[in-house]
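Student: Before we start, here is the structure in question, set down as structure tokens.
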Amino acid sequence: MNYRYLSIFLLLASITLLSTSCEKEPDGDVVESSNIEVRFRALIDGQPMVLNERYDYNGKDFTISSLKFYISDLVLVKGALEANVKEIDFVDFGTSNTTAQGAADGVVVGGASIPLGTYDGLKFGLGVPSDLNNEDPTDFSSNHPLGADSEYWLAWDSYIFHKVEGRYDGDNNANDLESSYVYHVGLDENFREKTFSNLEIEIAEDNTAQVVIDIEVRDLMREANGNAFDFEAVGNIHSATGDGSYPGLIADNWVNAFSL
Amino acid sequence: MSRVQLHIIGCLLLGLLLVSSCRKDKDNGDLTDIPYDVPEPYNLDIPEGFPDLVANSDNPLTEPGVQLGRRLFYDPILSADGTMSCSSCHKREKGFADDVPTSLGIDGIPGTRHAMSLLNVGFFENGLNWDGSIATLEEQAIEPVINPVELHDDWGNVEEKLRNHPDYPERFRAAFGISNKSEITKELATKAIAQFEKIIVSGGNSRFDRALRGEIFFTDSEFNGYDMFFDISPDFPDAECGHCHTGPLLTTNDYFNNGLDGVDDLNNFEDIGRGAVTDYIFDNGKFRAPSLRNIALTAPYMHDGRFQTLEEVLDHYDSGGHYAENLDPLILNLGLTEEQKQDIINLLHSFTDTTYLENPDLTNPF
């Protein structure tokens with residue numbers, strides 16, 4: 001082999017070595033994951049619900065002044081596999097639904113580093129799971145979803161899993177909304193899970209997947225037979241001991257109010 | 001004149017020149033001849049269960065910073081006529097609040113809102129003042145000095161007074177390491193005041209705290225009040241207090257319309273409160289739910305100091321308040337008996353913890 005052939009050989013060997021090493025990197029170093037945004041929208045009769053706007057309720061005016069809930073263990077499902085999106089988060093429509101545009105946008109719960117692939121399901125807990133519900137806000141920093149004193153009820157030793165509050169026209173004179181309703185539910189026994197299946201959620205490289213989940217607010221306030229609550233009779237559900245089956249019913253209503 | 005005499009005169013002239021040059025340095029505000037050490041951190045004793053102080057990495061608590069802030073807080077040098085200080089309206093023995101509905105400034109003009117208690121103010125998230133209009137204590141301390149109905153000075157003048165003061169320049173150097181009097185600014189003055197305000201901490205030794213820790217028992221009346229305050233059992237009415245006043249600070253740090261004024265139109269509140277900050281009409285007439293720690297010390301009550309006693313406060317909440325479309329849904333006609341109201345008042349008294357009065361760092365240094 002003369003010097004010229006040796007040089008060509010070495011050059012080809014170097015190129016081969018380099019290209020082999022380039023091929024190896026994707027196997028070991030490229031992160032095969034991407035992001036997802038789960039957008040929650042609160043609706044009234046299928047339209048974005050604006051806080052404090054007057055809507056009709058059985059022929060009377062009513063408003064929703066507060067709507068918020070804890071979401072936990074949000075996961076994407078692929079067969080028997082689950083990909084964690086968010087352990088715990090707090091969805092407060094007070095941060096978005098004060099305007100029509102904000103109501104249309106809703107509240108986003110984001111997740112990162114989701115393994116790439118096509119997922120066929122999504123599920124989450126509605127409320128705070130018992131292990132975290134054994135804690136209280138002093139165990140968390142103030143910017144943590146579980147760090148808010150306002151969302152914890154001392155007498156229950158529990159977070160308030162969800163709140164719906166507002167006013168209504170009790171005397172039907174249309175001038176003012178002199179009456180109010182408040183539905184606060186907590187305690188482990190009222191924790192619920194929501195599962196959506198038969199989906200096709202694509203987590204692809206360089207793309208943030210979008211999922212929109214709607215909540216029909218009217219469905220939060222229904223008796224077991226489907227009739228709307230009579231605010232006069234079911235106006236203030238808060239006491240853990242004095243409200244009978246309503247906390248559990250409202251927790252079930254929340255599960256049924258979600259749709260994709 | 002001999003050469004020796006000339007030499008002596010020359011030395012004297014040189015000495016005079018040196019002395020003169022030294023004096024010039026002092027006139028120029030140079031402080032570098034004052035020894036400077038990195039300030040010692042201030043060790044704040046935070047009651048168990050309290051949150052962390054609202055973080056401000058730009059203004060850590062230091063011993064000289066706190067002591068400087070303490071002096072500024074109590075010193076009428078911050079007012080135009082030298083008659084009032086921060087402490088004039090935030091009285092230590094009144095839980096660092098004022099004992100009149102709205103305070104009078106140096107010109108005898110009343111403000112529009114009650115001077116809030118500063119107890120535990122360093123822990124408050126979600127804005128300061130009754131309307132949350134200010135984000136940090138450092139920013140907050142700017143305003144009262146220049147407000148025409150408060151100290152009615154201007155910061156340029158105050159800065160000059162501090163620079164020319166016989167004591168403050170050295171304290172500013174110790175606190176912030178400045179090398180010249182000209183570096184004394186409103187930003188540093190308010191940082192120091194904020195540091196002092198952050199050490200105004202109270203809690204952990206009230207009857208309420210001790211009862212929750214199991215060290216003492218509530219009286220029967222206090223316990224009944226506790227039951228109603230936090231809706232413990234169906235044996236008593238739910239007084240709905242714990243929705244806004246809970247957690248270690250007995251406040252959620254949020255803003256509510258608690259039914260003080262009835263309006264047909266949300267634009268008609270005399271003081272729109274939070275609405276002026278958020279520009280959201282349904283926030284009109286909302287004000288901060290204050291901490292109830294030491295509430296028995298901080299009368300009068302509400303943002304305008306309209307209620308002189310806790311009895312008046314209880315009567316208001318029991319009534320269900322006045323109507324506005326954004327009246328908080330939890331302001332309800334409670335139907336409490338006089339005995340039940342007194343039980344809640346007794347619970348409110350159990351929130352009193354006067355051990356802060358024994359903290360020498362909170363006293364007037366003058």
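Ordered as shown in the structure tokens, chains take letters A, B, and onward, while each chain numbers its residues from 1 and ligands are numbered from 1 in the order shown.
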What are the closest atom pairs, with distances in Å to one decimal, for each residue of chain B lying within 6 Å of chain A, using only C-alpha atoms, rows by chain and rising residue number, as JSON lines?

Tutor:
```
{"residue": "B:Gly49", "atom": "CA", "partner": "A:Thr138", "partner_atom": "CA", "distance": 6.0}
{"residue": "B:Ile232", "atom": "CA", "partner": "A:Ala155", "partner_atom": "CA", "distance": 5.1}
{"residue": "B:Pro234", "atom": "CA", "partner": "A:Gly242", "partner_atom": "CA", "distance": 5.9}
{"residue": "B:Gly247", "atom": "CA", "partner": "A:Asp149", "partner_atom": "CA", "distance": 5.3}
{"residue": "B:Thr252", "atom": "CA", "partner": "A:Ser150", "partner_atom": "CA", "distance": 5.2}
{"residue": "B:Pro329", "atom": "CA", "partner": "A:Ser180", "partner_atom": "CA", "distance": 5.0}
```

Student: Write out as a ChimeraX atom specification the set of residues from range 177-246 of chain A that DSSP, computed on the backbone, places in strand (DSSP E).

Tutor: /A:179-186,192-196,201-203,209-216,236-237

Student: Once you have the residues from the selection above, write them out as an mmCIF file, in the first residue's frame, restricted to N, CA, C and O atoms.

Tutor:
```
data_model
loop_
_atom_site.group_PDB
_atom_site.id
_atom_site.type_symbol
_atom_site.label_atom_id
_atom_site.label_comp_id
_atom_site.auth_asym_id
_atom_site.auth_seq_id
_atom_site.Cartn_x
_atom_site.Cartn_y
_atom_site.Cartn_z
ATOM 1 N N SER A 179 -80.219 35.852 47.244
ATOM 2 C CA SER A 179 -79.923 34.573 47.891
ATOM 3 C C SER A 179 -78.637 33.983 47.317
ATOM 4 O O SER A 179 -78.207 34.350 46.223
ATOM 5 N N SER A 180 -78.070 33.058 48.060
ATOM 6 C CA SER A 180 -76.798 32.486 47.603
ATOM 7 C C SER A 180 -76.805 30.968 47.786
ATOM 8 O O SER A 180 -77.614 30.420 48.525
ATOM 9 N N TYR A 181 -75.913 30.334 47.081
ATOM 10 C CA TYR A 181 -75.701 28.896 47.253
ATOM 11 C C TYR A 181 -74.197 28.640 47.346
ATOM 12 O O TYR A 181 -73.383 29.385 46.774
ATOM 13 N N VAL A 182 -73.831 27.616 48.067
ATOM 14 C CA VAL A 182 -72.418 27.277 48.295
ATOM 15 C C VAL A 182 -72.306 25.763 48.380
ATOM 16 O O VAL A 182 -72.981 25.145 49.194
ATOM 17 N N TYR A 183 -71.473 25.177 47.529
ATOM 18 C CA TYR A 183 -71.251 23.733 47.598
ATOM 19 C C TYR A 183 -69.748 23.469 47.739
ATOM 20 O O TYR A 183 -68.991 23.629 46.771
ATOM 21 N N HIS A 184 -69.348 23.121 48.947
ATOM 22 C CA HIS A 184 -67.952 22.778 49.226
ATOM 23 C C HIS A 184 -67.917 21.309 49.626
ATOM 24 O O HIS A 184 -68.640 20.891 50.534
ATOM 25 N N VAL A 185 -67.058 20.548 48.986
ATOM 26 C CA VAL A 185 -66.991 19.110 49.280
ATOM 27 C C VAL A 185 -65.538 18.701 49.496
ATOM 28 O O VAL A 185 -64.651 19.087 48.723
ATOM 29 N N GLY A 186 -65.313 17.942 50.542
ATOM 30 C CA GLY A 186 -63.992 17.391 50.837
ATOM 31 C C GLY A 186 -64.127 16.011 51.447
ATOM 32 O O GLY A 186 -65.172 15.359 51.293
ATOM 33 N N ARG A 192 -63.014 11.196 43.969
ATOM 34 C CA ARG A 192 -63.522 10.442 42.820
ATOM 35 C C ARG A 192 -62.452 10.378 41.735
ATOM 36 O O ARG A 192 -61.511 11.176 41.720
ATOM 37 N N GLU A 193 -62.625 9.416 40.826
ATOM 38 C CA GLU A 193 -61.742 9.311 39.668
ATOM 39 C C GLU A 193 -62.562 9.442 38.393
ATOM 40 O O GLU A 193 -63.713 8.997 38.338
ATOM 41 N N LYS A 194 -61.953 10.039 37.406
ATOM 42 C CA LYS A 194 -62.597 10.183 36.100
ATOM 43 C C LYS A 194 -61.694 9.551 35.051
ATOM 44 O O LYS A 194 -60.490 9.828 35.011
ATOM 45 N N THR A 195 -62.268 8.725 34.225
ATOM 46 C CA THR A 195 -61.492 8.055 33.172
ATOM 47 C C THR A 195 -62.132 8.300 31.817
ATOM 48 O O THR A 195 -63.355 8.183 31.673
ATOM 49 N N PHE A 196 -61.316 8.681 30.867
ATOM 50 C CA PHE A 196 -61.755 8.753 29.473
ATOM 51 C C PHE A 196 -60.998 7.671 28.710
ATOM 52 O O PHE A 196 -59.776 7.566 28.817
ATOM 53 N N ILE A 201 -54.584 10.143 21.648
ATOM 54 C CA ILE A 201 -53.791 11.335 21.997
ATOM 55 C C ILE A 201 -52.355 11.072 21.558
ATOM 56 O O ILE A 201 -51.698 10.157 22.068
ATOM 57 N N GLU A 202 -51.907 11.872 20.625
ATOM 58 C CA GLU A 202 -50.584 11.669 20.048
ATOM 59 C C GLU A 202 -49.578 12.575 20.763
ATOM 60 O O GLU A 202 -49.715 13.803 20.734
ATOM 61 N N ILE A 203 -48.624 11.963 21.414
ATOM 62 C CA ILE A 203 -47.516 12.730 21.992
ATOM 63 C C ILE A 203 -46.356 12.606 21.015
ATOM 64 O O ILE A 203 -45.752 11.531 20.886
ATOM 65 N N ALA A 209 -49.081 18.393 22.713
ATOM 66 C CA ALA A 209 -50.424 17.841 22.481
ATOM 67 C C ALA A 209 -51.467 18.656 23.234
ATOM 68 O O ALA A 209 -51.193 19.196 24.311
ATOM 69 N N GLN A 210 -52.626 18.776 22.657
ATOM 70 C CA GLN A 210 -53.704 19.558 23.253
ATOM 71 C C GLN A 210 -54.919 18.666 23.502
ATOM 72 O O GLN A 210 -55.362 17.964 22.603
ATOM 73 N N VAL A 211 -55.423 18.736 24.717
ATOM 74 C CA VAL A 211 -56.664 18.036 25.055
ATOM 75 C C VAL A 211 -57.584 19.038 25.722
ATOM 76 O O VAL A 211 -57.141 19.803 26.589
ATOM 77 N N VAL A 212 -58.822 19.068 25.315
ATOM 78 C CA VAL A 212 -59.788 19.991 25.930
ATOM 79 C C VAL A 212 -60.834 19.174 26.673
ATOM 80 O O VAL A 212 -61.442 18.264 26.116
ATOM 81 N N ILE A 213 -61.003 19.483 27.945
ATOM 82 C CA ILE A 213 -62.025 18.809 28.756
ATOM 83 C C ILE A 213 -63.018 19.862 29.231
ATOM 84 O O ILE A 213 -62.631 20.879 29.822
ATOM 85 N N ASP A 214 -64.271 19.637 28.938
ATOM 86 C CA ASP A 214 -65.317 20.593 29.308
ATOM 87 C C ASP A 214 -66.040 20.156 30.571
ATOM 88 O O ASP A 214 -66.163 18.958 30.848
ATOM 89 N N ILE A 215 -66.516 21.137 31.309
ATOM 90 C CA ILE A 215 -67.323 20.876 32.510
ATOM 91 C C ILE A 215 -68.641 21.613 32.330
ATOM 92 O O ILE A 215 -68.646 22.851 32.208
ATOM 93 N N GLU A 216 -69.711 20.885 32.272
ATOM 94 C CA GLU A 216 -71.023 21.535 32.178
ATOM 95 C C GLU A 216 -71.476 21.871 33.602
ATOM 96 O O GLU A 216 -71.786 20.989 34.409
ATOM 97 N N ASN A 236 -76.759 25.297 50.818
ATOM 98 C CA ASN A 236 -75.456 25.424 51.460
ATOM 99 C C ASN A 236 -74.984 24.049 51.893
ATOM 100 O O ASN A 236 -75.364 23.540 52.931
ATOM 101 N N ILE A 237 -74.179 23.420 51.051
ATOM 102 C CA ILE A 237 -73.639 22.101 51.370
ATOM 103 C C ILE A 237 -72.192 22.294 51.775
ATOM 104 O O ILE A 237 -71.318 22.579 50.953
#
```

Student: One decimal, in Å: what's the spacing between CA of Val108 in chain A and CA of Phe124 in chain A?

Tutor: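 Calculated distance between CA of Val108 in chain A and CA of Phe124 in chain A is 14.4 Å.
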
Student: Given only C-alpha atoms as the basis, pick out the residue of B:Asn164, B:Asn120, B:Ser350, B:Thr251 nearest to Ser202 in chain B.

Tutor: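 Nearest to Ser202 in chain B: B:Asn120.
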
Student: Taking the DSSP assignment computed from this structure's backbone, write out as a PyMOL selection string all residues of range 6-253 of chain A that belong to alpha helix (DSSP H).

Tutor: chain A and resi 6-28+100-105+130-133+246-253

Student: Let me see the file: selected residues, N, CA and C atoms, as a CSV table (one decimal), in the first residue's frame.

Tutor:
```csv
chain,number,residue,atom,x,y,z
A,6,LEU,N,-2.9,4.7,1.6
A,6,LEU,CA,-3.0,4.7,3.0
A,6,LEU,C,-3.8,5.9,3.5
A,7,SER,N,-3.6,7.1,2.8
A,7,SER,CA,-4.3,8.3,3.2
A,7,SER,C,-5.8,8.1,2.9
A,8,ILE,N,-6.1,7.6,1.7
A,8,ILE,CA,-7.5,7.4,1.4
A,8,ILE,C,-8.2,6.4,2.4
A,9,PHE,N,-7.4,5.4,2.7
A,9,PHE,CA,-8.0,4.4,3.7
A,9,PHE,C,-8.3,5.0,5.0
A,10,LEU,N,-7.3,5.8,5.5
A,10,LEU,CA,-7.5,6.5,6.8
A,10,LEU,C,-8.7,7.5,6.8
A,11,LEU,N,-8.8,8.2,5.6
A,11,LEU,CA,-9.9,9.1,5.5
A,11,LEU,C,-11.2,8.4,5.5
A,12,LEU,N,-11.3,7.3,4.8
A,12,LEU,CA,-12.6,6.5,4.8
A,12,LEU,C,-12.9,5.9,6.1
A,13,ALA,N,-11.8,5.5,6.8
A,13,ALA,CA,-12.0,4.9,8.1
A,13,ALA,C,-12.5,6.0,9.1
A,14,SER,N,-12.0,7.2,9.0
A,14,SER,CA,-12.4,8.3,9.9
A,14,SER,C,-13.9,8.6,9.6
A,15,ILE,N,-14.2,8.7,8.3
A,15,ILE,CA,-15.6,9.0,8.0
A,15,ILE,C,-16.6,7.9,8.6
A,16,THR,N,-16.2,6.7,8.4
A,16,THR,CA,-17.0,5.6,8.9
A,16,THR,C,-17.2,5.7,10.4
A,17,LEU,N,-16.0,5.9,11.1
A,17,LEU,CA,-16.1,6.0,12.5
A,17,LEU,C,-17.0,7.2,13.0
A,18,LEU,N,-16.9,8.3,12.3
A,18,LEU,CA,-17.7,9.5,12.7
A,18,LEU,C,-19.2,9.2,12.5
A,19,SER,N,-19.5,8.6,11.3
A,19,SER,CA,-20.9,8.4,11.0
A,19,SER,C,-21.5,7.3,12.0
A,20,THR,N,-20.6,6.4,12.4
A,20,THR,CA,-21.1,5.4,13.3
A,20,THR,C,-21.4,6.0,14.6
A,21,SER,N,-20.5,6.9,15.0
A,21,SER,CA,-20.7,7.6,16.3
A,21,SER,C,-21.9,8.5,16.3
A,22,CYS,N,-22.2,9.1,15.1
A,22,CYS,CA,-23.4,10.0,15.0
A,22,CYS,C,-24.6,9.2,15.1
A,23,GLU,N,-24.6,8.0,14.5
A,23,GLU,CA,-25.8,7.1,14.6
A,23,GLU,C,-26.1,6.6,16.0
A,24,LYS,N,-25.0,6.5,16.8
A,24,LYS,CA,-25.2,6.0,18.2
A,24,LYS,C,-25.9,7.0,19.0
A,25,GLU,N,-25.6,8.3,18.8
A,25,GLU,CA,-26.2,9.3,19.8
A,25,GLU,C,-27.7,9.3,19.9
A,26,PRO,N,-28.4,9.1,18.8
A,26,PRO,CA,-29.9,9.1,19.0
A,26,PRO,C,-30.4,8.0,19.9
A,27,ASP,N,-29.7,6.9,19.9
A,27,ASP,CA,-30.1,5.8,20.7
A,27,ASP,C,-30.0,6.2,22.2
A,28,GLY,N,-28.9,6.9,22.6
A,28,GLY,CA,-28.6,7.1,24.0
A,28,GLY,C,-29.0,8.4,24.5
A,100,ALA,N,-65.2,36.9,28.6
A,100,ALA,CA,-65.7,35.9,27.6
A,100,ALA,C,-64.5,35.2,27.0
A,101,GLN,N,-63.5,36.0,26.6
A,101,GLN,CA,-62.3,35.4,26.0
A,101,GLN,C,-61.6,34.4,27.0
A,102,GLY,N,-61.5,34.9,28.3
A,102,GLY,CA,-60.8,34.0,29.3
A,102,GLY,C,-61.6,32.8,29.5
A,103,ALA,N,-63.0,32.9,29.4
A,103,ALA,CA,-63.8,31.7,29.6
A,103,ALA,C,-63.6,30.7,28.4
A,104,ALA,N,-63.5,31.3,27.3
A,104,ALA,CA,-63.3,30.4,26.1
A,104,ALA,C,-61.9,29.7,26.2
A,105,ASP,N,-60.9,30.4,26.8
A,105,ASP,CA,-59.6,29.8,26.9
A,105,ASP,C,-59.5,28.8,28.0
A,130,SER,N,-55.8,10.4,49.3
A,130,SER,CA,-55.8,10.4,50.8
A,130,SER,C,-54.4,10.6,51.3
A,131,ASP,N,-53.3,10.1,50.6
A,131,ASP,CA,-52.0,10.3,51.2
A,131,ASP,C,-51.7,11.8,51.3
A,132,LEU,N,-52.0,12.6,50.3
A,132,LEU,CA,-51.8,14.0,50.3
A,132,LEU,C,-52.8,14.7,51.2
A,133,ASN,N,-54.0,14.1,51.3
A,133,ASN,CA,-55.1,14.8,52.1
A,133,ASN,C,-54.8,14.6,53.6
A,246,TYR,N,-75.6,14.6,50.2
A,246,TYR,CA,-75.3,15.6,49.2
A,246,TYR,C,-73.8,15.7,48.8
A,247,PRO,N,-72.9,15.7,49.8
A,247,PRO,CA,-71.5,15.8,49.4
A,247,PRO,C,-71.1,14.7,48.4
A,248,GLY,N,-71.5,13.5,48.7
A,248,GLY,CA,-71.2,12.4,47.8
A,248,GLY,C,-71.9,12.6,46.4
A,249,LEU,N,-73.1,13.0,46.5
A,249,LEU,CA,-73.9,13.3,45.2
A,249,LEU,C,-73.2,14.3,44.4
A,250,ILE,N,-72.8,15.4,45.0
A,250,ILE,CA,-72.1,16.5,44.3
A,250,ILE,C,-70.7,16.0,43.7
A,251,ALA,N,-70.0,15.1,44.5
A,251,ALA,CA,-68.8,14.6,44.0
A,251,ALA,C,-69.1,13.7,42.7
A,252,ASP,N,-70.2,12.9,42.8
A,252,ASP,CA,-70.5,12.2,41.6
A,252,ASP,C,-70.9,13.1,40.4
A,253,ASN,N,-71.6,14.1,40.7
A,253,ASN,CA,-72.0,15.1,39.7
A,253,ASN,C,-70.8,15.6,39.0
```

Student: For each of A:Ser33, A:Thr118, A:Asn58, A:Ser158, take the minimum atom-to-atom distance to Phe191 in chain A, counting only C-alpha atoms, then give the residue where this is smallest.

Tutor: A:Ser158

Student: So what do you get for CA of Glu189 in chain A versus CA of Gly125 in chain A, distance-wise?

Tutor: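 We find that CA of Glu189 in chain A and CA of Gly125 in chain A lie 12.6 Å from each other.
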
Student: Which one of B:Lys161, B:Arg207, B:His114, B:His349 sits closest to Trp130 in chain B if you count only C-alpha atoms?

Tutor: B:His114

Student: What separation in Å, quoted to one decimal, exists between CA of Asn157 in chain B and CA of Ala80 in chain B?

Tutor: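 One can read the CA of Asn157 in chain B to CA of Ala80 in chain B distance as 8.3 Å.
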
Student: Excluding Asp206 in chain A and residues on its chain fewer than 6 positions from it, collect all residues at most 12 Å away from it, counting only C-alpha atoms, and give them as a list in words.

Tutor: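 Counting only the stated atoms, we get Val31, Glu32, Ser33, Ser34, Asn35, Ile36, Ala112, Ser113, Ile114 and Leu116 of chain A.
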
Student: Calculated over only C-alpha atoms, which of the candidates B:Glu138, B:Ala289, B:Thr219, B:Ala192 has the smallest distance to Thr246 in chain B?

Tutor: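 Nearest to Thr246 in chain B: B:Ala289.
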
Student: I'd like the neighbourhood of range 90-96 of chain A as a ChimeraX atom specification, where a residue qualifies if any of its atoms comes within 7 Å (using only C-alpha atoms), though same-chain residues fewer than 6 positions away should be ignored.

Tutor: /A:66-71,102-103,106-107,145

Student: Could you give me, as a list in words, the residues within 8 Å of His152 in chain B, counting only C-alpha atoms and dropping anything in the same chain fewer than 3 positions from it?

Tutor: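 Near His152 in chain B, the qualifying residues are Ser79, Ala80, Gly105, Ile106, Pro144, Val145, Ile146, Asn147, Pro148 and Val149 of chain B.
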
Student: Could you please take those selected residues and save N, CA and C atoms as an mmCIF file, in the first residue's frame?

Tutor:
```cif
data_model
loop_
_atom_site.group_PDB
_atom_site.id
_atom_site.type_symbol
_atom_site.label_atom_id
_atom_site.label_comp_id
_atom_site.auth_asym_id
_atom_site.auth_seq_id
_atom_site.Cartn_x
_atom_site.Cartn_y
_atom_site.Cartn_z
ATOM 1 N N SER B 79 -41.444 62.725 58.421
ATOM 2 C CA SER B 79 -42.565 63.614 58.093
ATOM 3 C C SER B 79 -42.062 65.026 57.828
ATOM 4 N N ALA B 80 -42.838 65.761 57.075
ATOM 5 C CA ALA B 80 -42.398 67.086 56.634
ATOM 6 C C ALA B 80 -42.153 68.023 57.807
ATOM 7 N N GLY B 105 -53.254 62.828 59.186
ATOM 8 C CA GLY B 105 -51.887 63.096 58.778
ATOM 9 C C GLY B 105 -51.352 64.354 59.443
ATOM 10 N N ILE B 106 -50.181 64.782 59.025
ATOM 11 C CA ILE B 106 -49.551 65.940 59.701
ATOM 12 C C ILE B 106 -50.342 67.219 59.499
ATOM 13 N N PRO B 144 -46.434 56.289 52.286
ATOM 14 C CA PRO B 144 -46.879 57.144 53.399
ATOM 15 C C PRO B 144 -46.043 58.405 53.565
ATOM 16 N N VAL B 145 -44.777 58.338 53.203
ATOM 17 C CA VAL B 145 -43.900 59.509 53.371
ATOM 18 C C VAL B 145 -44.356 60.665 52.488
ATOM 19 N N ILE B 146 -44.827 60.360 51.298
ATOM 20 C CA ILE B 146 -45.185 61.416 50.350
ATOM 21 C C ILE B 146 -46.681 61.690 50.273
ATOM 22 N N ASN B 147 -47.466 60.830 50.923
ATOM 23 C CA ASN B 147 -48.920 60.996 50.834
ATOM 24 C C ASN B 147 -49.352 62.270 51.561
ATOM 25 N N PRO B 148 -50.098 63.153 50.884
ATOM 26 C CA PRO B 148 -50.491 64.433 51.497
ATOM 27 C C PRO B 148 -51.339 64.266 52.756
ATOM 28 N N VAL B 149 -52.033 63.133 52.889
ATOM 29 C CA VAL B 149 -52.841 62.952 54.095
ATOM 30 C C VAL B 149 -52.110 62.097 55.129
#
```
